[in-house]
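**Student:** Handing you a structure now.
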Amino acid sequence: MSEYQYYEFAAVDQQLTEQAQSELRSRSTRATITASCFINEYHWGNLKGEPLDWVERFFDAHVYSSSWGNCRLLLRIPRDVIDAKVIFDCVDTPGHSASASMPTAFEVNRTAQHSILDWSFNDDSGEHARFYEQADGPGWMARLLPLRDELLRGDTRPLYLGWLARLVNGELRDSDREPPLPNGLQTLTPAQASLAEFMMLDPDWLAAAAETSPPLLADVDDDARFEPWLLELTAAEMRDALRQLLRGNAQETERGLRTRFLNWDRTRNPSRAEPVTRRTVAEIDARRDAARALRLRRERAANDAAEVRRIAERRRYLNSLIEHESTTWERIDTTLQRGSGHAYGQAFQLLQDLAEAYACVKNDAAFRRGLVRLMAKHGNRGVWVKRLMNGGFMWTPKT
C-alpha cells in the first residue's frame with residue numbers, strides 16, 4: 001500500500017470550543033473534526049501540527065500509526081492523580097536512555113496542570129505486517145482510551161507496561177530495578193491487554209515480570225480500606241461531594257475523591273505503595289526462559305485441544321452426511337443443475353466430504369454406486385467431469 005499515517009485525537013473531560021475547532025480546521029480541510037475528536041489519514045502529506053502540543057492544549061488522548069512501523073499513544077491526566085514518584089520510577093533511569101535514533105518507548109511530559117503519558121513503538125526491523133499490510137490506525141482509540149479512566153482510578157499497571165516496553169526496547173541495564181510492581185499484572189484489563197498488543201510487548205517478558213505480581217484486591221478489601229478515610233470526612237466535605245454529583249459533575253467528583261483517598265492511603269500505608277525489594281532487569285530476565293517454556297506448553301495444549309475438537313466436529317459432520325445420504329446426493333444434484341463454476345465448486349466439495357464419510361464407514365462401494373447414478377444425469381457437463389478427473393474420482397477410458 002502507499003504511504004499511510006493515521007492521526008486520532010479525543011477530547012474527554014471538556015469539549016472543544018468553536019474557536020478550537022476553527023483553529024484545527026485551518027490545519028486540515030479533510031479531517032473529521034467534532035467537539036470531541038479530530039481524525040485524519042494522510043497518504044502524501046503530514047499533520048500540520050505537533051501532537052504533543054495539541055494534547056497539551058486541546059485533547060485528552062491521541063493515537064498515531066504509520067505504514068513504516070511507528071505507533072504512539074498519548075494520554076493526558078491531571079498531574080495530581082498519580083503520585084509523581086510512581087510515574088518517574090517508570091520513566092527515569094539515571095545515566096541511561098534510548099539512543100537518538102530510537103526514541104524511548106515510554107516517557108512523561110509534565111505541565112502546570114497535567115501529566116502527558118507517552119507510549120511509542122518503532123518497528124525498526126520492518127517485520128510486523130500489521131503496519132505495512134493494513135491501515136493500522138482505526139479502532140485503537142476505542143480500545144486504548146479506557147486506560148485513562150483506569151489511571152484516574154489509581155491503576156498503575158499501564159505505567160508498568162510502559163516501563164516494560166522500555167526494557168524490551170533496550171533502554172535499561174541489567175542492574176536497573178523495576179518500578180513498584182502493581183497488583184493484577186497477571187490479569188490485565190482489556191484496555192491493558194490492548195496496550196501490550198499496541199506496543200508489541202514480548203509475551204515472555206510480560207509473563208516473567210508479572211510472575212510475582214499479587215492478585216488484585218477484592219472489592220470487599222477496597223471497602224475495608226475506604227472506611228477509615230470516610231470516617232475522617234467532615235459533614236461539610238460530604239455535602240460538597242453530593243452537591244457536585246447533583247450538578248452532574250460525577251467524573252470530576254469521583255476523580256477528586258479518589259485522589260484524596262489515594263494520597264491519604266499512601267501516607268497511612270507507605271509499605272503498600274512502596275515494596276521493600278524490587279527486582280533487577282537481570283532477575284526478571286532470568287525467569288524469561290521459564291515463562292517462554294510455560295507459554296509454549298500452554299499453546300501446545302490449547303492447539304491439541306482445538307485439534308481434538310476439530311476432529312470430533314468433523315466426524316459429527318461426516319456422520320450426518322451418511323445418516324442423510326439420500327438428501328446429500330440430492331443436494332449435490334440440485335447444486336449441479338445451477339450449471340455455474342461456483343456451483344460446480346460447491347458440489348465438488350460436498351462430494352469430497354461424502355467420499356470421506358463413506359471411507360470412514362468402509363463402504364466405498366456405496367459411494368461408487370451413488371457417483372454412477374449422479375453421472376448418469378450430469379456426465380455431459382465437461383467442466384464438472386474435468387473436476388472429477390483432476391480430483392481422482394474419474395479416470396480416462398483406455399483407447
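Each chain of the C-alpha cells is named A, B, ... in the order shown, its residues numbered from 1; ligands are numbered from 1 in display order.
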Would you give me, as a tab-separated table, each residue of region 302-327 of chain A having an atom within 7 Å of an atom of region 346-368 of chain A, along with its shortest atom pair and that distance in Å to one decimal, using only C-alpha atoms and sorting by chain and residue number?
**Tutor:**
residue	atom	partner	partner_atom	distance
A:Leu318	CA	A:Ala357	CA	4.9
A:Asn319	CA	A:Ala357	CA	6.6
A:Leu321	CA	A:Leu354	CA	6.4
A:Ile322	CA	A:Ala357	CA	6.5
**Student:** Can you write just those residues out, C-alpha atoms, as a PDB file, in the first residue's frame?
**Tutor:**
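The resulting file, again-v7.pdb, is shown below:
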ATOM      1  CA  LEU A 318     -19.340 -36.760   8.177  1.00  0.00           C
ATOM      2  CA  ASN A 319     -21.677 -38.991  10.168  1.00  0.00           C
ATOM      3  CA  LEU A 321     -23.803 -36.984   5.657  1.00  0.00           C
ATOM      4  CA  ILE A 322     -24.094 -40.775   5.934  1.00  0.00           C
TER       5      ILE A 322
END
**Student:** Could the residues of region 65-155 of chain A that have an atom at most 12 Å from region 262-265 of chain A be listed as JSON lines, each with its closest atom pair and the distance in Å to one decimal, counting only C-alpha atoms and ordered by chain and ascending residue number?
**Tutor:**
{"residue": "A:Asp80", "atom": "CA", "partner": "A:Asn263", "partner_atom": "CA", "distance": 9.4}
{"residue": "A:Val81", "atom": "CA", "partner": "A:Leu262", "partner_atom": "CA", "distance": 8.6}
{"residue": "A:Ile82", "atom": "CA", "partner": "A:Leu262", "partner_atom": "CA", "distance": 8.4}
{"residue": "A:Asp83", "atom": "CA", "partner": "A:Asn263", "partner_atom": "CA", "distance": 7.9}
{"residue": "A:Ala84", "atom": "CA", "partner": "A:Asn263", "partner_atom": "CA", "distance": 11.3}
{"residue": "A:Leu152", "atom": "CA", "partner": "A:Leu262", "partner_atom": "CA", "distance": 10.8}
{"residue": "A:Arg153", "atom": "CA", "partner": "A:Leu262", "partner_atom": "CA", "distance": 9.2}
{"residue": "A:Gly154", "atom": "CA", "partner": "A:Leu262", "partner_atom": "CA", "distance": 7.5}
{"residue": "A:Asp155", "atom": "CA", "partner": "A:Leu262", "partner_atom": "CA", "distance": 10.8}
**Student:** Which residue is closest to Leu164 (chain A)? Choose from A:Ala142, A:Leu195, A:Leu201, A:Leu242 and count only C-alpha atoms.
**Tutor:**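 Closest to Leu164 (chain A) of all the choices is A:Leu201.
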**Student:** To one decimal place in Å, what is the distance between CA of Arg148 (chain A) and CA of Ser194 (chain A)?
**Tutor:**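 Value for the CA of Arg148 (chain A)-CA of Ser194 (chain A) distance: 13.0 Å.
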**Student:** For a quick check of understanding, using only C-alpha atoms, which of A:Leu245, A:Leu52, A:Ala291, A:Met200 has the smallest distance to Arg110 (chain A)?
**Tutor:** A:Leu52
**Student:** Contacts of Tyr132 (chain A) at 12 Å or less, counting only C-alpha atoms, minus same-chain residues fewer than 4 places along, as number ranges by chain?
**Tutor:** A: 1-5, 65-70, 123, 126-128, 136-137
**Student:** Selected residues, N, CA and C atoms, written as a PDB file, in the first residue's frame, please.
**Tutor:**
ATOM      1  N   MET A   1       0.832  -1.178   0.000  1.00  0.00           N
ATOM      2  CA  MET A   1       0.000   0.000   0.000  1.00  0.00           C
ATOM      3  C   MET A   1       0.875   1.239   0.000  1.00  0.00           C
ATOM      4  N   SER A   2       0.312   2.401  -0.308  1.00  0.00           N
ATOM      5  CA  SER A   2       1.078   3.639  -0.340  1.00  0.00           C
ATOM      6  C   SER A   2       1.370   4.104   1.081  1.00  0.00           C
ATOM      7  N   GLU A   3       2.131   5.165   1.193  1.00  0.00           N
ATOM      8  CA  GLU A   3       2.440   5.748   2.494  1.00  0.00           C
ATOM      9  C   GLU A   3       1.142   6.038   3.250  1.00  0.00           C
ATOM     10  N   TYR A   4       1.147   5.717   4.534  1.00  0.00           N
ATOM     11  CA  TYR A   4      -0.080   5.847   5.318  1.00  0.00           C
ATOM     12  C   TYR A   4       0.250   6.348   6.718  1.00  0.00           C
ATOM     13  N   GLN A   5      -0.465   7.381   7.157  1.00  0.00           N
ATOM     14  CA  GLN A   5      -0.376   7.862   8.530  1.00  0.00           C
ATOM     15  C   GLN A   5      -1.787   8.105   9.048  1.00  0.00           C
ATOM     16  N   SER A  65      -0.503   5.981  14.016  1.00  0.00           N
ATOM     17  CA  SER A  65       0.105   4.793  13.427  1.00  0.00           C
ATOM     18  C   SER A  65       0.508   5.110  11.995  1.00  0.00           C
ATOM     19  N   SER A  66       1.622   4.525  11.555  1.00  0.00           N
ATOM     20  CA  SER A  66       2.109   4.769  10.200  1.00  0.00           C
ATOM     21  C   SER A  66       2.475   3.458   9.529  1.00  0.00           C
ATOM     22  N   SER A  67       2.499   3.486   8.203  1.00  0.00           N
ATOM     23  CA  SER A  67       2.803   2.281   7.439  1.00  0.00           C
ATOM     24  C   SER A  67       4.267   1.874   7.551  1.00  0.00           C
ATOM     25  N   TRP A  68       5.121   2.764   8.046  1.00  0.00           N
ATOM     26  CA  TRP A  68       6.542   2.381   8.202  1.00  0.00           C
ATOM     27  C   TRP A  68       6.852   1.896   9.617  1.00  0.00           C
ATOM     28  N   GLY A  69       5.812   1.592  10.409  1.00  0.00           N
ATOM     29  CA  GLY A  69       6.036   0.858  11.650  1.00  0.00           C
ATOM     30  C   GLY A  69       6.147   1.682  12.901  1.00  0.00           C
ATOM     31  N   ASN A  70       5.641   2.908  12.903  1.00  0.00           N
ATOM     32  CA  ASN A  70       5.619   3.712  14.118  1.00  0.00           C
ATOM     33  C   ASN A  70       4.201   3.785  14.650  1.00  0.00           C
ATOM     34  N   ASP A 123       8.910  -0.042  14.785  1.00  0.00           N
ATOM     35  CA  ASP A 123       9.223  -1.318  14.146  1.00  0.00           C
ATOM     36  C   ASP A 123      10.438  -1.122  13.242  1.00  0.00           C
ATOM     37  N   GLY A 126      10.977  -3.781  10.498  1.00  0.00           N
ATOM     38  CA  GLY A 126      10.056  -3.891   9.373  1.00  0.00           C
ATOM     39  C   GLY A 126       9.417  -5.259   9.243  1.00  0.00           C
ATOM     40  N   GLU A 127       9.399  -6.032  10.342  1.00  0.00           N
ATOM     41  CA  GLU A 127       8.924  -7.411  10.250  1.00  0.00           C
ATOM     42  C   GLU A 127       7.452  -7.578  10.608  1.00  0.00           C
ATOM     43  N   HIS A 128       6.812  -6.519  11.090  1.00  0.00           N
ATOM     44  CA  HIS A 128       5.437  -6.652  11.550  1.00  0.00           C
ATOM     45  C   HIS A 128       4.459  -6.228  10.457  1.00  0.00           C
ATOM     46  N   ASP A 136      -3.528   0.500   9.980  1.00  0.00           N
ATOM     47  CA  ASP A 136      -3.465   0.049  11.367  1.00  0.00           C
ATOM     48  C   ASP A 136      -4.198   0.959  12.344  1.00  0.00           C
ATOM     49  N   GLY A 137      -4.425   2.211  11.991  1.00  0.00           N
ATOM     50  CA  GLY A 137      -4.884   3.171  12.985  1.00  0.00           C
ATOM     51  C   GLY A 137      -6.293   3.009  13.512  1.00  0.00           C
TER      52      GLY A 137
END
**Student:** Please list as a list in words every residue within 7 Å of Ile284 (chain A), counting only C-alpha atoms and excluding residues in the same chain fewer than 5 positions away.
**Tutor:**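 The residues that qualify are Ala208, Ala209 and Arg279 of chain A.
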**Student:** Save the residues we just selected, C-alpha atoms, as a PDB file, in the first residue's frame?
**Tutor:**
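again.pdb, freshly written:
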ATOM      1  CA  ALA A 208       8.269 -13.054  33.673  1.00  0.00           C
ATOM      2  CA  ALA A 209       7.600  -9.560  35.026  1.00  0.00           C
ATOM      3  CA  ARG A 279      13.791  -6.947  41.054  1.00  0.00           C
TER       4      ARG A 279
END
**Student:** Counting only C-alpha atoms, which of A:Leu185, A:Leu144, A:Phe38, A:Trp229 gets nearest to Ser22 (chain A)?
**Tutor:** A:Phe38
**Student:** Record the distance separating CA of Val55 (chain A) and CA of Phe131 (chain A), expressed in Å with one decimal.
**Tutor:**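 Computing it gives 23.9 Å between the two atoms.
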**Student:** Mind listing the helix (DSSP H, G or I) residues of region 122-353 of chain A, per DSSP on the backbone, as a PyMOL selection string?
**Tutor:** chain A and resi 129-132+140-144+146-152+157-168+190-198+203-210+219-232+235-246+250-268+270-273+281-286+288-323+325-336+341-353
**Student:** Can I get the selected residues back with C-alpha atoms, as a compact mmCIF listing (two decimals), in the first residue's frame?
**Tutor:**
# COMPACT_ATOMS: atom_id res chain seq x y z
CA ALA A 129 2.86 -6.94 8.77
CA ARG A 130 0.35 -5.13 10.97
CA PHE A 131 1.78 -1.81 9.80
CA TYR A 132 2.50 -2.19 6.11
CA TRP A 140 -7.11 1.64 18.55
CA MET A 141 -8.58 4.72 20.24
CA ALA A 142 -11.71 2.84 21.32
CA ARG A 143 -9.57 0.02 22.71
CA LEU A 144 -6.98 2.20 24.45
CA PRO A 146 -10.29 3.20 28.78
CA LEU A 147 -6.68 3.22 30.05
CA ARG A 148 -7.21 6.85 31.00
CA ASP A 149 -10.12 6.03 33.30
CA GLU A 150 -8.09 3.21 34.83
CA LEU A 151 -5.22 5.60 35.54
CA LEU A 152 -7.64 8.14 37.01
CA ARG A 157 -0.48 -1.20 35.52
CA PRO A 158 -0.36 0.90 32.29
CA LEU A 159 2.67 2.73 33.73
CA TYR A 160 4.44 -0.53 34.48
CA LEU A 161 3.70 -1.76 30.95
CA GLY A 162 5.37 1.43 29.72
CA TRP A 163 8.48 0.64 31.79
CA LEU A 164 8.45 -2.90 30.45
CA ALA A 165 8.28 -1.52 26.90
CA ARG A 166 11.44 0.47 27.68
CA LEU A 167 13.10 -2.72 28.87
CA VAL A 168 12.16 -4.58 25.67
CA PRO A 190 -8.96 -5.50 28.03
CA ALA A 191 -7.51 -1.99 27.59
CA GLN A 192 -4.21 -3.02 29.19
CA ALA A 193 -4.01 -6.13 27.03
CA SER A 194 -4.63 -3.86 24.04
CA LEU A 195 -1.77 -1.60 25.17
CA ALA A 196 0.55 -4.62 25.34
CA GLU A 197 -0.57 -5.55 21.81
CA PHE A 198 -0.23 -1.96 20.57
CA PRO A 203 4.69 -12.01 26.00
CA ASP A 204 7.55 -13.83 27.71
CA TRP A 205 8.97 -10.62 29.18
CA LEU A 206 5.47 -9.72 30.35
CA ALA A 207 4.89 -13.13 31.92
CA ALA A 208 8.27 -13.05 33.67
CA ALA A 209 7.60 -9.56 35.03
CA ALA A 210 4.08 -10.50 36.16
CA ASP A 219 -13.93 -5.21 46.27
CA VAL A 220 -14.61 -6.12 49.87
CA ASP A 221 -10.96 -5.33 50.68
CA ASP A 222 -11.37 -1.94 48.99
CA ASP A 223 -14.42 -1.27 51.14
CA ALA A 224 -12.36 -2.03 54.24
CA ARG A 225 -9.67 0.38 53.04
CA PHE A 226 -12.18 3.15 52.31
CA GLU A 227 -13.99 3.01 55.63
CA PRO A 228 -11.33 4.64 57.92
CA TRP A 229 -10.88 7.51 55.46
CA LEU A 230 -14.62 8.04 55.07
CA LEU A 231 -14.94 8.32 58.85
CA GLU A 232 -12.47 11.22 58.76
CA ALA A 235 -20.18 16.61 57.09
CA ALA A 236 -19.33 19.70 55.02
CA GLU A 237 -16.97 17.67 52.79
CA MET A 238 -19.63 15.02 52.22
CA ARG A 239 -22.27 17.64 51.43
CA ASP A 240 -19.91 19.28 48.95
CA ALA A 241 -19.32 15.93 47.19
CA LEU A 242 -23.06 15.27 46.99
CA ARG A 243 -23.65 18.78 45.70
CA GLN A 244 -21.13 18.20 42.89
CA LEU A 245 -22.85 14.92 41.98
CA LEU A 246 -26.23 16.63 41.82
CA ALA A 250 -19.80 12.83 38.59
CA GLN A 251 -16.48 12.21 36.84
CA GLU A 252 -14.70 15.17 38.43
CA THR A 253 -16.15 14.31 41.84
CA GLU A 254 -15.04 10.68 41.68
CA ARG A 255 -11.58 11.73 40.50
CA GLY A 256 -11.20 14.26 43.29
CA LEU A 257 -12.37 11.87 46.00
CA ARG A 258 -10.21 9.03 44.70
CA THR A 259 -7.14 11.27 44.50
CA ARG A 260 -7.67 12.43 48.08
CA PHE A 261 -8.15 8.85 49.24
CA LEU A 262 -5.04 7.58 47.46
CA ASN A 263 -2.93 10.39 48.90
CA TRP A 264 -4.31 9.59 52.36
CA ASP A 265 -3.71 5.86 51.82
CA ARG A 266 -0.10 6.41 50.73
CA THR A 267 0.56 8.44 53.87
CA ARG A 268 -1.19 5.93 56.10
CA PRO A 270 3.60 3.63 52.90
CA SER A 271 4.57 -0.06 52.78
CA ARG A 272 1.66 -0.75 50.41
CA ALA A 273 2.80 1.92 47.95
CA VAL A 281 16.22 -6.38 34.95
CA ALA A 282 18.62 -9.33 35.16
CA GLU A 283 16.42 -11.06 37.76
CA ILE A 284 13.34 -10.68 35.57
CA ASP A 285 15.30 -11.85 32.52
CA ALA A 286 16.34 -14.98 34.43
CA ARG A 288 12.01 -15.37 30.88
CA ASP A 289 13.04 -18.84 29.64
CA ALA A 290 10.70 -20.46 32.17
CA ALA A 291 7.90 -18.13 31.09
CA ARG A 292 8.54 -19.00 27.45
CA ALA A 293 8.51 -22.74 28.18
CA LEU A 294 5.23 -22.40 30.07
CA ARG A 295 3.70 -20.37 27.24
CA LEU A 296 4.72 -22.96 24.65
CA ARG A 297 3.29 -25.79 26.77
CA ARG A 298 0.01 -23.93 27.11
CA GLU A 299 -0.09 -23.16 23.40
CA ARG A 300 0.58 -26.81 22.54
CA ALA A 301 -2.13 -27.92 24.96
CA ALA A 302 -4.56 -25.40 23.50
CA ASN A 303 -3.69 -26.47 19.95
CA ASP A 304 -4.08 -30.13 20.86
CA ALA A 305 -7.47 -29.46 22.46
CA ALA A 306 -8.54 -27.44 19.43
CA GLU A 307 -7.47 -30.27 17.13
CA VAL A 308 -9.44 -32.79 19.19
CA ARG A 309 -12.50 -30.53 18.94
CA ARG A 310 -11.94 -30.09 15.19
CA ILE A 311 -11.69 -33.85 14.61
CA ALA A 312 -14.79 -34.52 16.70
CA GLU A 313 -16.73 -31.83 14.84
CA ARG A 314 -15.54 -33.19 11.51
CA ARG A 315 -16.60 -36.71 12.49
CA ARG A 316 -20.06 -35.49 13.52
CA TYR A 317 -20.41 -33.69 10.19
CA LEU A 318 -19.34 -36.76 8.18
CA ASN A 319 -21.68 -38.99 10.17
CA SER A 320 -24.54 -36.62 9.38
CA LEU A 321 -23.80 -36.98 5.66
CA ILE A 322 -24.09 -40.78 5.93
CA GLU A 323 -27.21 -40.59 8.12
CA GLU A 325 -27.09 -39.86 2.40
CA SER A 326 -30.10 -39.60 0.09
CA THR A 327 -30.51 -35.93 0.97
CA THR A 328 -26.77 -35.38 0.49
CA TRP A 329 -26.83 -36.86 -3.03
CA GLU A 330 -29.89 -34.73 -3.82
CA ARG A 331 -28.05 -31.60 -2.63
CA ILE A 332 -25.17 -32.37 -5.00
CA ASP A 333 -27.62 -32.98 -7.85
CA THR A 334 -29.54 -29.75 -7.20
CA THR A 335 -26.33 -27.74 -6.96
CA LEU A 336 -25.03 -29.10 -10.27
CA GLY A 341 -18.49 -22.55 -11.93
CA HIS A 342 -19.28 -21.61 -8.34
CA ALA A 343 -21.96 -24.31 -8.19
CA TYR A 344 -19.53 -26.90 -9.52
CA GLY A 345 -17.09 -25.92 -6.79
CA GLN A 346 -19.72 -26.32 -4.07
CA ALA A 347 -20.88 -29.65 -5.45
CA PHE A 348 -17.32 -30.95 -5.71
CA GLN A 349 -16.56 -30.01 -2.10
CA LEU A 350 -19.68 -31.77 -0.88
CA LEU A 351 -18.81 -34.83 -2.99
CA GLN A 352 -15.33 -34.94 -1.45
CA ASP A 353 -16.84 -34.78 2.03
**Student:** If you measure from CA of Asn390 (chain A) to CA of Leu371 (chain A), what distance in Å do you get, rounded to one decimal?
**Tutor:**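 Separating CA of Asn390 (chain A) from CA of Leu371 (chain A) is a distance of 15.4 Å.
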**Student:** Determine the nearest neighbour of Thr187 (chain A) from the options A:Asn169, A:Ser213, A:Val372, A:Met199, counting only C-alpha atoms.
**Tutor:** A:Ser213
